[in-house]
file query.cif (mmCIF, C-alpha atoms (C1' of nucleotides))
data_target
loop_
_atom_site.label_atom_id
_atom_site.label_comp_id
_atom_site.auth_asym_id
_atom_site.auth_seq_id
_atom_site.Cartn_x
_atom_site.Cartn_y
_atom_site.Cartn_z
CA MET A 1 -44.55 -179.51 28.24
CA ASN A 2 -47.18 -178.56 25.68
CA THR A 3 -45.82 -175.09 25.13
CA THR A 4 -44.96 -175.43 21.47
CA ARG A 5 -44.27 -172.09 19.88
CA TRP A 6 -46.03 -172.49 16.55
CA LEU A 7 -44.91 -170.49 13.60
CA ASP A 8 -46.68 -167.19 13.23
CA GLU A 9 -48.23 -165.95 10.03
CA GLY A 10 -45.07 -164.46 8.60
CA GLU A 11 -42.81 -167.33 9.53
CA GLN A 12 -45.33 -169.71 8.13
CA ARG A 13 -45.46 -167.96 4.82
CA ALA A 14 -41.72 -167.57 4.57
CA TRP A 15 -41.07 -171.18 5.48
CA ARG A 16 -43.54 -172.57 3.03
CA SER A 17 -42.56 -170.47 0.12
CA TYR A 18 -38.95 -171.16 0.86
CA LEU A 19 -39.47 -174.92 0.76
CA GLN A 20 -41.64 -174.59 -2.30
CA MET A 21 -39.12 -172.44 -4.07
CA HIS A 22 -36.23 -174.70 -3.33
CA GLY A 23 -38.10 -177.76 -4.46
CA GLN A 24 -39.12 -176.20 -7.75
CA LEU A 25 -35.77 -174.67 -8.41
CA LEU A 26 -33.80 -177.82 -7.84
CA ALA A 27 -36.23 -179.89 -9.83
CA ARG A 28 -35.70 -177.55 -12.75
CA LEU A 29 -31.97 -177.52 -12.48
CA ASN A 30 -31.83 -181.25 -12.18
CA ARG A 31 -34.00 -181.71 -15.20
CA GLN A 32 -32.01 -179.25 -17.25
CA LEU A 33 -28.76 -180.95 -16.36
CA GLN A 34 -30.16 -184.40 -16.93
CA THR A 35 -31.69 -183.77 -20.31
CA ASP A 36 -28.98 -181.51 -21.67
CA SER A 37 -25.95 -183.25 -20.26
CA SER A 38 -27.01 -186.60 -18.80
CA LEU A 39 -25.72 -185.57 -15.42
CA SER A 40 -27.49 -185.23 -12.11
CA LEU A 41 -26.82 -182.32 -9.82
CA ALA A 42 -24.99 -184.76 -7.58
CA ASP A 43 -22.74 -185.84 -10.44
CA TYR A 44 -22.11 -182.22 -11.21
CA GLU A 45 -21.09 -181.33 -7.70
CA VAL A 46 -18.67 -184.21 -7.49
CA LEU A 47 -17.14 -183.33 -10.83
CA VAL A 48 -16.77 -179.72 -9.81
CA ARG A 49 -14.87 -180.65 -6.69
CA LEU A 50 -12.58 -182.85 -8.69
CA THR A 51 -11.82 -180.26 -11.33
CA GLU A 52 -11.05 -177.72 -8.65
CA THR A 53 -8.17 -179.79 -7.45
CA PRO A 54 -4.81 -179.38 -9.23
CA ASP A 55 -4.49 -182.92 -10.53
CA ALA A 56 -8.16 -183.87 -10.42
CA ARG A 57 -7.49 -186.42 -7.70
CA LEU A 58 -9.05 -186.55 -4.28
CA ARG A 59 -9.43 -188.95 -1.46
CA PRO A 60 -13.07 -189.78 -0.81
CA PHE A 61 -12.93 -188.30 2.67
CA GLU A 62 -11.73 -185.02 1.21
CA LEU A 63 -14.60 -184.97 -1.19
CA GLN A 64 -16.87 -185.76 1.67
CA ARG A 65 -15.64 -182.85 3.71
CA GLY A 66 -16.23 -180.49 0.84
CA LEU A 67 -19.62 -181.77 -0.10
CA GLN A 68 -20.81 -182.42 3.42
CA TRP A 69 -22.47 -185.61 2.31
CA GLU A 70 -23.00 -188.75 4.19
CA GLN A 71 -20.18 -191.15 3.70
CA SER A 72 -22.24 -193.93 2.21
CA ARG A 73 -24.05 -191.59 -0.09
CA LEU A 74 -20.76 -190.49 -1.48
CA SER A 75 -19.51 -194.03 -1.81
CA HIS A 76 -22.58 -195.12 -3.76
CA GLN A 77 -22.43 -192.03 -5.89
CA LEU A 78 -18.79 -192.66 -6.74
CA THR A 79 -19.56 -196.25 -7.65
CA ARG A 80 -22.25 -195.17 -10.04
CA MET A 81 -20.06 -192.52 -11.57
CA GLN A 82 -17.26 -195.01 -11.95
CA HIS A 83 -19.57 -197.36 -13.79
CA ARG A 84 -20.41 -194.57 -16.14
CA GLY A 85 -16.76 -193.90 -16.77
CA LEU A 86 -16.69 -190.44 -15.24
CA LEU A 87 -14.04 -191.31 -12.71
CA ASN A 88 -11.80 -194.09 -11.48
CA ARG A 89 -10.71 -195.42 -8.16
CA GLU A 90 -7.03 -195.95 -7.53
CA GLY A 91 -5.33 -197.45 -4.55
CA CYS A 92 -3.55 -195.23 -2.06
CA THR A 93 -0.03 -196.25 -1.15
CA ASP A 94 0.30 -193.99 1.89
CA ASP A 95 -2.75 -195.40 3.56
CA GLY A 96 -3.68 -198.99 2.82
CA ARG A 97 -7.35 -198.42 3.62
CA GLY A 98 -7.66 -195.43 1.41
CA ALA A 99 -8.38 -194.75 -2.21
CA PHE A 100 -7.98 -192.01 -4.71
CA ILE A 101 -10.76 -190.79 -6.90
CA VAL A 102 -9.46 -189.58 -10.22
CA LEU A 103 -11.34 -187.75 -12.90
CA THR A 104 -11.28 -189.49 -16.26
CA ASP A 105 -11.06 -187.70 -19.58
CA ALA A 106 -14.69 -188.52 -20.16
CA GLY A 107 -15.46 -187.00 -16.79
CA ARG A 108 -13.69 -183.82 -17.67
CA ARG A 109 -15.36 -183.60 -21.01
CA ALA A 110 -18.72 -184.18 -19.36
CA ILE A 111 -18.42 -181.33 -16.91
CA GLU A 112 -16.89 -178.96 -19.41
CA ALA A 113 -19.78 -179.61 -21.70
CA ALA A 114 -22.35 -179.32 -18.94
CA ALA A 115 -21.11 -176.25 -17.11
CA PRO A 116 -22.14 -173.45 -19.47
CA SER A 117 -25.77 -174.42 -19.79
CA HIS A 118 -26.00 -175.26 -16.14
CA VAL A 119 -24.59 -171.95 -14.99
CA ASP A 120 -26.86 -170.32 -17.47
CA ALA A 121 -29.86 -172.03 -15.96
CA VAL A 122 -28.83 -171.05 -12.45
CA ARG A 123 -28.55 -167.49 -13.59
CA ARG A 124 -31.76 -167.48 -15.52
CA LEU A 125 -33.90 -169.22 -12.93
CA PHE A 126 -32.36 -167.76 -9.84
CA PHE A 127 -29.90 -164.90 -9.89
CA ASP A 128 -31.48 -162.86 -12.61
CA GLY A 129 -34.58 -162.46 -10.50
CA LEU A 130 -32.68 -161.12 -7.52
CA THR A 131 -30.92 -157.93 -6.60
CA ARG A 132 -27.33 -157.74 -5.46
CA ASP A 133 -28.53 -157.10 -1.94
CA GLN A 134 -30.79 -160.07 -1.92
CA ILE A 135 -27.95 -162.28 -3.01
CA THR A 136 -25.72 -160.93 -0.28
CA MET A 137 -28.43 -161.39 2.30
CA LEU A 138 -29.04 -164.93 1.21
CA GLY A 139 -25.38 -165.73 1.48
CA ARG A 140 -25.23 -164.29 4.96
CA LEU A 141 -28.39 -166.05 6.01
CA SER A 142 -27.10 -169.35 4.73
CA THR A 143 -23.82 -169.20 6.57
CA GLN A 144 -25.59 -168.11 9.73
CA VAL A 145 -27.85 -171.13 9.58
CA LEU A 146 -24.93 -173.36 8.69
CA ASP A 147 -23.01 -172.19 11.73
CA ARG A 148 -26.01 -172.85 13.85
CA LEU A 149 -26.34 -176.32 12.41
CA GLY A 150 -22.72 -177.02 13.12
CA ALA A 151 -23.14 -175.81 16.68
CA SER A 152 -26.19 -177.78 17.75
CA THR A 153 -25.29 -181.44 18.22
CA GLU A 154 -22.90 -182.70 15.58
CA VAL A 155 -23.85 -184.55 12.44
CA PRO A 156 -24.05 -188.32 12.85
CA THR A 157 -21.39 -188.94 10.26
CA ARG A 158 -18.27 -190.72 11.31
CA GLY A 159 -14.98 -189.10 10.51
CA GLU A 160 -16.29 -185.63 11.12
CA SER A 161 -14.03 -183.61 13.35
CA ASN A 162 -14.47 -179.89 13.55
CA ILE A 163 -11.99 -179.26 10.82
CA ARG A 164 -15.22 -179.39 8.93
CA ARG A 165 -16.13 -175.75 8.98
CA SER A 166 -12.74 -174.51 7.98
CA GLY A 167 -12.45 -177.08 5.24
CA PHE A 168 -15.76 -175.91 4.00
CA ALA A 169 -14.82 -172.27 4.19
CA ALA A 170 -11.78 -173.00 2.10
CA HIS A 171 -13.88 -174.59 -0.57
CA GLN A 172 -16.16 -171.62 -0.59
CA ARG A 173 -13.49 -169.52 -2.14
CA LEU A 174 -13.04 -171.71 -5.18
CA SER A 175 -14.72 -171.20 -8.47
CA THR A 176 -17.74 -173.18 -9.51
CA ALA A 177 -17.21 -175.14 -12.55
CA ARG A 178 -13.91 -174.65 -14.23
CA GLU A 179 -10.28 -174.30 -13.59
CA ASN A 180 -9.10 -172.80 -16.82
CA MET B 181 -21.98 -168.89 -28.55
CA ASN B 182 -19.37 -169.34 -25.85
CA THR B 183 -20.32 -166.27 -23.90
CA THR B 184 -21.28 -167.93 -20.66
CA ARG B 185 -21.59 -165.46 -17.85
CA TRP B 186 -19.96 -167.38 -15.02
CA LEU B 187 -20.90 -166.65 -11.47
CA ASP B 188 -18.78 -164.01 -9.83
CA GLU B 189 -17.15 -164.39 -6.45
CA GLY B 190 -20.13 -163.24 -4.44
CA GLU B 191 -22.70 -165.18 -6.41
CA GLN B 192 -20.53 -168.22 -6.15
CA ARG B 193 -20.28 -167.99 -2.43
CA ALA B 194 -23.94 -167.30 -1.95
CA TRP B 195 -24.98 -170.11 -4.22
CA ARG B 196 -22.77 -172.68 -2.63
CA SER B 197 -23.55 -171.85 0.92
CA TYR B 198 -27.19 -171.74 0.06
CA LEU B 199 -27.13 -175.25 -1.39
CA GLN B 200 -25.02 -176.45 1.48
CA MET B 201 -27.31 -174.91 4.04
CA HIS B 202 -30.43 -176.33 2.53
CA GLY B 203 -28.97 -179.79 2.27
CA GLN B 204 -27.85 -179.83 5.87
CA LEU B 205 -31.02 -178.30 7.19
CA LEU B 206 -33.32 -180.70 5.43
CA ALA B 207 -31.22 -183.67 6.35
CA ARG B 208 -31.54 -182.66 9.98
CA LEU B 209 -35.24 -182.07 9.84
CA ASN B 210 -35.81 -185.32 8.06
CA ARG B 211 -33.80 -187.22 10.58
CA GLN B 212 -35.53 -185.61 13.49
CA LEU B 213 -38.95 -186.38 12.06
CA GLN B 214 -37.99 -189.90 11.18
CA THR B 215 -36.49 -190.89 14.47
CA ASP B 216 -38.96 -189.07 16.70
CA SER B 217 -42.14 -189.70 14.77
CA SER B 218 -41.44 -192.27 12.05
CA LEU B 219 -42.50 -189.81 9.39
CA SER B 220 -40.59 -188.37 6.48
CA LEU B 221 -40.85 -184.73 5.58
CA ALA B 222 -42.89 -185.81 2.60
CA ASP B 223 -45.35 -187.67 4.81
CA TYR B 224 -45.55 -184.63 7.00
CA GLU B 225 -46.36 -182.29 4.18
CA VAL B 226 -49.09 -184.51 2.86
CA LEU B 227 -50.61 -184.90 6.30
CA VAL B 228 -50.51 -181.15 6.85
CA ARG B 229 -52.42 -180.48 3.67
CA LEU B 230 -55.02 -183.01 4.65
CA THR B 231 -55.54 -181.66 8.13
CA GLU B 232 -55.91 -178.17 6.73
CA THR B 233 -58.99 -179.19 4.87
CA PRO B 234 -62.33 -179.13 6.72
CA ASP B 235 -63.11 -182.82 6.47
CA ALA B 236 -59.57 -184.11 5.89
CA ARG B 237 -60.48 -185.22 2.40
CA LEU B 238 -58.83 -184.14 -0.80
CA ARG B 239 -58.64 -185.21 -4.39
CA PRO B 240 -55.11 -186.17 -5.39
CA PHE B 241 -54.96 -183.39 -7.95
CA GLU B 242 -55.80 -180.85 -5.27
CA LEU B 243 -53.02 -182.15 -3.11
CA GLN B 244 -50.79 -181.97 -6.10
CA ARG B 245 -51.57 -178.35 -6.74
CA GLY B 246 -50.82 -177.45 -3.17
CA LEU B 247 -47.63 -179.42 -2.91
CA GLN B 248 -46.44 -178.73 -6.41
CA TRP B 249 -45.21 -182.27 -6.71
CA GLU B 250 -44.98 -184.42 -9.72
CA GLN B 251 -48.08 -186.45 -10.20
CA SER B 252 -46.42 -189.82 -10.00
CA ARG B 253 -44.42 -188.87 -6.98
CA LEU B 254 -47.62 -188.02 -5.21
CA SER B 255 -49.28 -191.19 -6.34
CA HIS B 256 -46.44 -193.36 -5.06
CA GLN B 257 -46.28 -191.41 -1.85
CA LEU B 258 -49.99 -191.87 -1.25
CA THR B 259 -49.69 -195.57 -1.90
CA ARG B 260 -46.96 -195.91 0.68
CA MET B 261 -48.87 -193.85 3.20
CA GLN B 262 -51.96 -195.91 2.58
CA HIS B 263 -50.01 -199.07 3.27
CA ARG B 264 -48.90 -197.63 6.54
CA GLY B 265 -52.46 -196.81 7.47
CA LEU B 266 -52.07 -193.04 7.46
CA LEU B 267 -54.73 -192.47 4.86
CA ASN B 268 -57.25 -194.21 2.66
CA ARG B 269 -58.37 -193.92 -0.90
CA GLU B 270 -62.07 -193.70 -1.63
CA GLY B 271 -63.83 -193.65 -4.93
CA CYS B 272 -65.24 -190.42 -6.29
CA THR B 273 -68.81 -190.52 -7.46
CA ASP B 274 -68.77 -187.19 -9.29
CA ASP B 275 -65.85 -188.17 -11.45
CA GLY B 276 -65.37 -191.80 -12.32
CA ARG B 277 -61.66 -191.40 -12.88
CA GLY B 278 -61.05 -189.65 -9.63
CA ALA B 279 -60.41 -190.64 -6.05
CA PHE B 280 -60.57 -189.12 -2.61
CA ILE B 281 -57.74 -189.26 -0.17
CA VAL B 282 -58.98 -189.34 3.37
CA LEU B 283 -56.97 -188.99 6.52
CA THR B 284 -57.35 -191.92 8.90
CA ASP B 285 -57.44 -191.62 12.67
CA ALA B 286 -53.97 -193.04 12.77
CA GLY B 287 -52.89 -190.39 10.30
CA ARG B 288 -54.31 -187.65 12.43
CA ARG B 289 -52.72 -189.02 15.55
CA ALA B 290 -49.41 -189.29 13.72
CA ILE B 291 -49.28 -185.69 12.66
CA GLU B 292 -50.58 -184.36 15.92
CA ALA B 293 -47.85 -186.25 17.70
CA ALA B 294 -45.18 -185.18 15.23
CA ALA B 295 -45.99 -181.51 14.84
CA PRO B 296 -44.71 -180.05 18.11
CA SER B 297 -41.24 -181.51 17.94
CA HIS B 298 -40.99 -180.81 14.24
CA VAL B 299 -41.96 -177.17 14.58
CA ASP B 300 -39.59 -176.98 17.46
CA ALA B 301 -36.77 -178.28 15.31
CA VAL B 302 -37.58 -175.84 12.52
CA ARG B 303 -37.46 -173.06 15.01
CA ARG B 304 -34.32 -174.21 16.72
CA LEU B 305 -32.35 -174.97 13.58
CA PHE B 306 -33.62 -172.22 11.39
CA PHE B 307 -35.73 -169.36 12.66
CA ASP B 308 -33.98 -168.81 15.94
CA GLY B 309 -30.81 -167.94 14.10
CA LEU B 310 -32.46 -165.29 11.97
CA THR B 311 -33.81 -161.82 12.47
CA ARG B 312 -37.32 -160.76 11.61
CA ASP B 313 -35.96 -158.88 8.62
CA GLN B 314 -34.06 -161.84 7.33
CA ILE B 315 -37.18 -163.94 7.49
CA THR B 316 -39.14 -161.34 5.62
CA MET B 317 -36.46 -161.02 3.00
CA LEU B 318 -36.29 -164.75 2.53
CA GLY B 319 -40.02 -164.93 2.05
CA ARG B 320 -39.90 -162.20 -0.53
CA LEU B 321 -36.94 -163.72 -2.30
CA SER B 322 -38.66 -167.09 -2.44
CA THR B 323 -41.84 -165.80 -3.95
CA GLN B 324 -39.87 -163.74 -6.44
CA VAL B 325 -38.00 -166.81 -7.59
CA LEU B 326 -41.18 -168.84 -7.63
CA ASP B 327 -42.86 -166.32 -9.87
CA ARG B 328 -39.91 -166.43 -12.14
CA LEU B 329 -40.03 -170.20 -12.27
CA GLY B 330 -43.69 -170.10 -13.11
CA ALA B 331 -43.03 -167.61 -15.88
CA SER B 332 -40.21 -169.32 -17.73
CA THR B 333 -41.49 -172.34 -19.63
CA GLU B 334 -44.05 -174.30 -17.69
CA VAL B 335 -43.36 -177.38 -15.61
CA PRO B 336 -43.62 -180.64 -17.52
CA THR B 337 -46.40 -181.94 -15.34
CA ARG B 338 -49.67 -182.76 -16.97
CA GLY B 339 -52.76 -181.26 -15.48
CA GLU B 340 -51.04 -178.02 -14.71
CA SER B 341 -52.98 -175.04 -15.89
CA ASN B 342 -52.12 -171.63 -14.61
CA ILE B 343 -54.61 -171.87 -11.81
CA ARG B 344 -51.49 -173.11 -10.17
CA ARG B 345 -50.18 -169.89 -8.80
CA SER B 346 -53.45 -168.76 -7.36
CA GLY B 347 -54.11 -172.15 -5.87
CA PHE B 348 -50.73 -171.97 -4.32
CA ALA B 349 -51.26 -168.50 -3.02
CA ALA B 350 -54.43 -169.69 -1.34
CA HIS B 351 -52.59 -172.43 0.43
CA GLN B 352 -50.00 -170.00 1.60
CA ARG B 353 -52.47 -168.44 3.93
CA LEU B 354 -53.24 -171.61 5.83
CA SER B 355 -51.56 -172.63 9.04
CA THR B 356 -48.83 -175.20 9.11
CA ALA B 357 -49.64 -178.12 11.17
CA ARG B 358 -52.86 -177.92 13.05
CA GLU B 359 -56.42 -176.89 12.75
CA ASN B 360 -57.44 -176.63 16.38
"C1'" DT C 361 4.03 -206.70 20.57
"C1'" DC C 362 -0.40 -207.23 21.18
"C1'" DA C 363 -5.00 -205.78 22.32
"C1'" DC C 364 -8.13 -202.15 21.54
"C1'" DA C 365 -9.97 -198.21 19.61
"C1'" DC C 366 -10.35 -195.47 15.52
"C1'" DT C 367 -10.52 -194.26 10.63
"C1'" DA C 368 -11.29 -195.17 5.43
"C1'" DG C 369 -14.22 -197.03 2.68
"C1'" DA C 370 -17.67 -200.52 0.60
"C1'" DT C 371 -22.07 -202.91 0.56
"C1'" DG C 372 -26.97 -204.66 0.93
"C1'" DA C 373 -31.53 -203.61 2.16
"C1'" DC C 374 -34.89 -200.43 1.96
"C1'" DC C 375 -37.30 -196.15 0.97
"C1'" DC C 376 -37.97 -192.19 -2.14
"C1'" DA C 377 -38.19 -189.61 -6.73
"C1'" DT C 378 -38.52 -189.57 -11.74
"C1'" DC C 379 -39.68 -191.13 -16.29
"C1'" DA C 380 -42.31 -193.42 -19.50
"C1'" DT C 381 -46.30 -195.53 -20.13
"C1'" DC C 382 -50.95 -197.30 -19.30
"C1'" DT C 383 -56.05 -197.30 -18.23
"C1'" DA C 384 -60.27 -195.21 -17.74
"C1'" DT C 385 -63.28 -191.57 -17.75
"C1'" DA C 386 -64.67 -186.96 -19.26
"C1'" DT C 387 -65.20 -183.34 -22.67
"C1'" DC C 388 -65.44 -181.14 -26.99
"C1'" DC C 389 -67.21 -180.58 -31.28
"C1'" DC C 390 -68.54 -182.13 -35.82
"C1'" DG D 391 -73.78 -190.27 -31.34
"C1'" DG D 392 -68.93 -190.80 -31.95
"C1'" DG D 393 -64.16 -189.92 -32.75
"C1'" DA D 394 -60.30 -186.86 -31.22
"C1'" DT D 395 -58.37 -185.07 -27.22
"C1'" DA D 396 -57.69 -183.96 -22.52
"C1'" DT D 397 -57.78 -185.21 -17.59
"C1'" DA D 398 -57.34 -188.28 -13.23
"C1'" DG D 399 -54.79 -191.44 -11.55
"C1'" DA D 400 -51.79 -195.88 -11.13
"C1'" DT D 401 -47.65 -198.55 -12.05
"C1'" DG D 402 -42.99 -200.65 -13.21
"C1'" DA D 403 -38.24 -199.75 -14.02
"C1'" DT D 404 -34.48 -197.39 -12.59
"C1'" DG D 405 -31.38 -194.26 -10.26
"C1'" DG D 406 -30.59 -191.80 -5.78
"C1'" DG D 407 -30.27 -191.47 -0.49
"C1'" DT D 408 -30.05 -193.48 4.28
"C1'" DC D 409 -29.15 -196.81 7.71
"C1'" DA D 410 -26.84 -200.56 9.66
"C1'" DT D 411 -23.16 -203.21 9.23
"C1'" DC D 412 -18.83 -205.05 7.50
"C1'" DT D 413 -13.80 -205.25 6.26
"C1'" DA D 414 -9.42 -203.85 6.65
"C1'" DG D 415 -5.79 -200.99 7.78
"C1'" DT D 416 -3.80 -197.41 11.30
"C1'" DG D 417 -2.39 -195.75 15.83
"C1'" DT D 418 -1.72 -196.02 20.67
"C1'" DG D 419 -0.45 -197.40 24.97
"C1'" DA D 420 0.46 -201.14 28.55
#

call {"tool": "encode", "arguments": {"input": "query.cif", "output": "C-alpha cells"}}
result
Amino acid sequence: MNTTRWLDEGEQRAWRSYLQMHGQLLARLNRQLQTDSSLSLADYEVLVRLTETPDARLRPFELQRGLQWEQSRLSHQLTRMQHRGLLNREGCTDDGRGAFIVLTDAGRRAIEAAAPSHVDAVRRLFFDGLTRDQITMLGRLSTQVLDRLGASTEVPTRGESNIRRSGFAAHQRLSTAREN
Amino acid sequence: MNTTRWLDEGEQRAWRSYLQMHGQLLARLNRQLQTDSSLSLADYEVLVRLTETPDARLRPFELQRGLQWEQSRLSHQLTRMQHRGLLNREGCTDDGRGAFIVLTDAGRRAIEAAAPSHVDAVRRLFFDGLTRDQITMLGRLSTQVLDRLGASTEVPTRGESNIRRSGFAAHQRLSTAREN
DNA sequence: TCACACTAGATGACCCATCATCTATATCCC
DNA sequence: GGGATATAGATGATGGGTCATCTAGTGTGA
C-alpha cells in the first residue's frame, strides 16, 4: 500500500530540530569530557553505573541491563576501559561463565575528577536553557517513548527478558555521578 | 571552586531517560533503515538534503551547513556513498577548490524506496506515542537548546560563520523526504 | 546421565565518527 | 604583484558501534 502518512509541517520541524539538537548537544558534551577528562560519554556512563553500586563491582549483564546497550558493544567497551586501567575483570565463582567488572582506583579517580565539569556542562548547555516544566515534560515524553519502544517487538539483544523495564526503573532513582 | 550544582532528582530522571530514549530510538531507526533499505541514518539524511534541492546538486559546504556535521565526517561519508554509487563528485568551475555533489539515479531510487518505511517507523516508534502538544513542546525545547548551543562558544569546525543559524532555519522549512 | 537448549561473555570484521594534518585555491591588502 | 591568511575539501590514524559467530558453562528433562 502506498498510503504513507508523511510528517506534516509541525512534525517535520520538531523532528528535525530534535535530531539536530541532540547531535549538537552530545557532540559538545563528548568533546568537553574528552578534552577535560580524557573520557568518552560511554566511559562516563559505565563508570557512573559502577560507582553507584556498593562495592563498585558488577556483572557485565547487570551493567548491560542498566545501560541498555548491545552486549558486544559493552564487551568491547569494557575491554578498552580495562586496557586503560579504569577497571578490571575478575572471575565469578558462582557462575563459571561469568565475570565481575570492578572499578579500579584509577577508574574512581577518573570519574570523580570528571563529574563536576561534566555536570556543569550538562547544566550550562541544556538545563539552564529550560524551565522546570519543560524538563518535566521531557522526562515524561522520554519514558512514554521508551515504553512504546519496549512494547513494539523486542530488542534483538540476547539475554533480554522483560525484567528490563523494572531494572531500568530502579536505576532511574539513583544519583548521577557520585556516591558520597 | 568545588561548588558543583549536581542534578536534582527530577533533572536526573529526565536526563537519564532522555538519553536512554534517544539511544534506543535511534538504534531502532538505524536498524530498520539498514535492514529494509541498506541505508544508514546518515546516508538517509544526506540523500534527503540532496533531493530537497532543485537539481539534486550541492556543494559539500552547503550540505555541511544544513546537516551541521563536522567537515571531515561529511567528507568521509560522501566518499563512502560515492563508492556505493549513491552520488558523484563533480568539479566546480566557479571555485577551483570546490566540488559538487550530485545525486545519482541509484541514489534517488534508494531514498525513494527507503522513505515510506522509514517515515512509518518514525511515526510508529515516536510520534504515535505523543500528543500534539508534546510534539510542539519538544520542537520548542529543541530550538531553545540549539540557540543556546550556538551562543556559548562556537563549534570548533572551520568554515562556520554565523550564517549558520539562518541557513539552518531555512532548511527547517523544507520537507523531509520527497520533493514530488 | 546425557543430549539439548539457553545464558554469559569474548572476538574479528567491518562501518562510522573524530582529530590532526595536508593540499590547493581564493582573498585581502600593502 | 605578492605575501599573509582564510576557505574548500580530502585523507590517514585511531577509537567506537554493530553484526555474526564462537566458546564455555548452566539447566532441564527423558

call {"tool": "closest_residue", "arguments": {"input": "query.cif", "among": "B:Ile291, B:Leu283, B:Leu187, B:Ala194", "to": "chain A", "atoms": "only C-alpha atoms"}}
result
B:Ala194

call {"tool": "interface_residues", "arguments": {"input": "query.cif", "of": "chain B", "to": "chain A", "cutoff": "6 Å", "atoms": "all atoms listed in the file", "output": "ChimeraX atom specification"}}
result
/B:184,193-194,197-198,201,296,319,322,326,352

call {"tool": "resolve_selection", "arguments": {"input": "query.cif", "expression": "the PyMOL selection byres ((chain D) within 9 of (chain A))", "output": "MDAnalysis selection string"}}
result
chainID D and resid 406:408 414:416

call {"tool": "atom_distance", "arguments": {"input": "query.cif", "atom1": "atom CA of A:Val102", "atom2": "atom CA of A:Glu45"}}
result
14.5 Å

call {"tool": "resolve_selection", "arguments": {"input": "query.cif", "expression": "the PyMOL selection byres ((chain C) within 9 of (chain B))", "output": "MDAnalysis selection string"}}
result
chainID C and resid 376:378 384:386

call {"tool": "atom_distance", "arguments": {"input": "query.cif", "atom1": "atom CA of B:Ala279", "atom2": "atom CA of B:Pro240"}}
result
7.0 Å

call {"tool": "atom_distance", "arguments": {"input": "query.cif", "atom1": "atom C1' of D:DA398", "atom2": "atom C1' of C:DC375"}}
result
25.8 Å

call {"tool": "residues_around", "arguments": {"input": "query.cif", "residues": "C:DC364", "least_positions_apart": "3", "cutoff": "12 Å", "atoms": "only C-alpha atoms (C1' of nucleotides)", "output": "PyMOL selection string"}}
result
chain D and resi 417-420

call {"tool": "write_last_selection", "arguments": {"input": "query.cif", "atoms": "C-alpha atoms (C1' of nucleotides)", "output": "mmCIF file, in the frame of the given file"}}
result
data_model
loop_
_atom_site.group_PDB
_atom_site.id
_atom_site.type_symbol
_atom_site.label_atom_id
_atom_site.label_comp_id
_atom_site.auth_asym_id
_atom_site.auth_seq_id
_atom_site.Cartn_x
_atom_site.Cartn_y
_atom_site.Cartn_z
ATOM 1 C "C1'" DG D 417 -2.390 -195.750 15.830
ATOM 2 C "C1'" DT D 418 -1.720 -196.020 20.670
ATOM 3 C "C1'" DG D 419 -0.450 -197.400 24.970
ATOM 4 C "C1'" DA D 420 0.460 -201.140 28.550
#

call {"tool": "residues_around", "arguments": {"input": "query.cif", "residues": "D:DA403", "least_positions_apart": "5", "cutoff": "12 Å", "atoms": "all atoms listed in the file", "output": "ChimeraX atom specification"}}
result
/C:378-381

call {"tool": "resolve_selection", "arguments": {"input": "query.cif", "expression": "the PyMOL selection byres ((chain D and resi 391) around 12)", "output": "list in words"}}
result
DC389 and DC390 of chain C; DG392 and DG393 of chain D

call {"tool": "residues_around", "arguments": {"input": "query.cif", "residues": "B:Asp285", "least_positions_apart": "5", "cutoff": "9 Å", "atoms": "all atoms listed in the file", "output": "list of chain:residue names"}}
result
B:Gly265, B:Leu266, B:Leu267, B:Ala290

call {"tool": "residues_around", "arguments": {"input": "query.cif", "residues": "stretch 370-373 of chain C", "least_positions_apart": "3", "cutoff": "10 Å", "atoms": "only C-alpha atoms (C1' of nucleotides)", "output": "PyMOL selection string"}}
result
(chain A and resi 72+75-76+79) or (chain D and resi 409-413)

call {"tool": "closest_residue", "arguments": {"input": "query.cif", "among": "A:Asn88, A:Gln82, A:Ser38, A:Thr93", "to": "A:Ala56", "atoms": "only C-alpha atoms"}}
result
A:Asn88
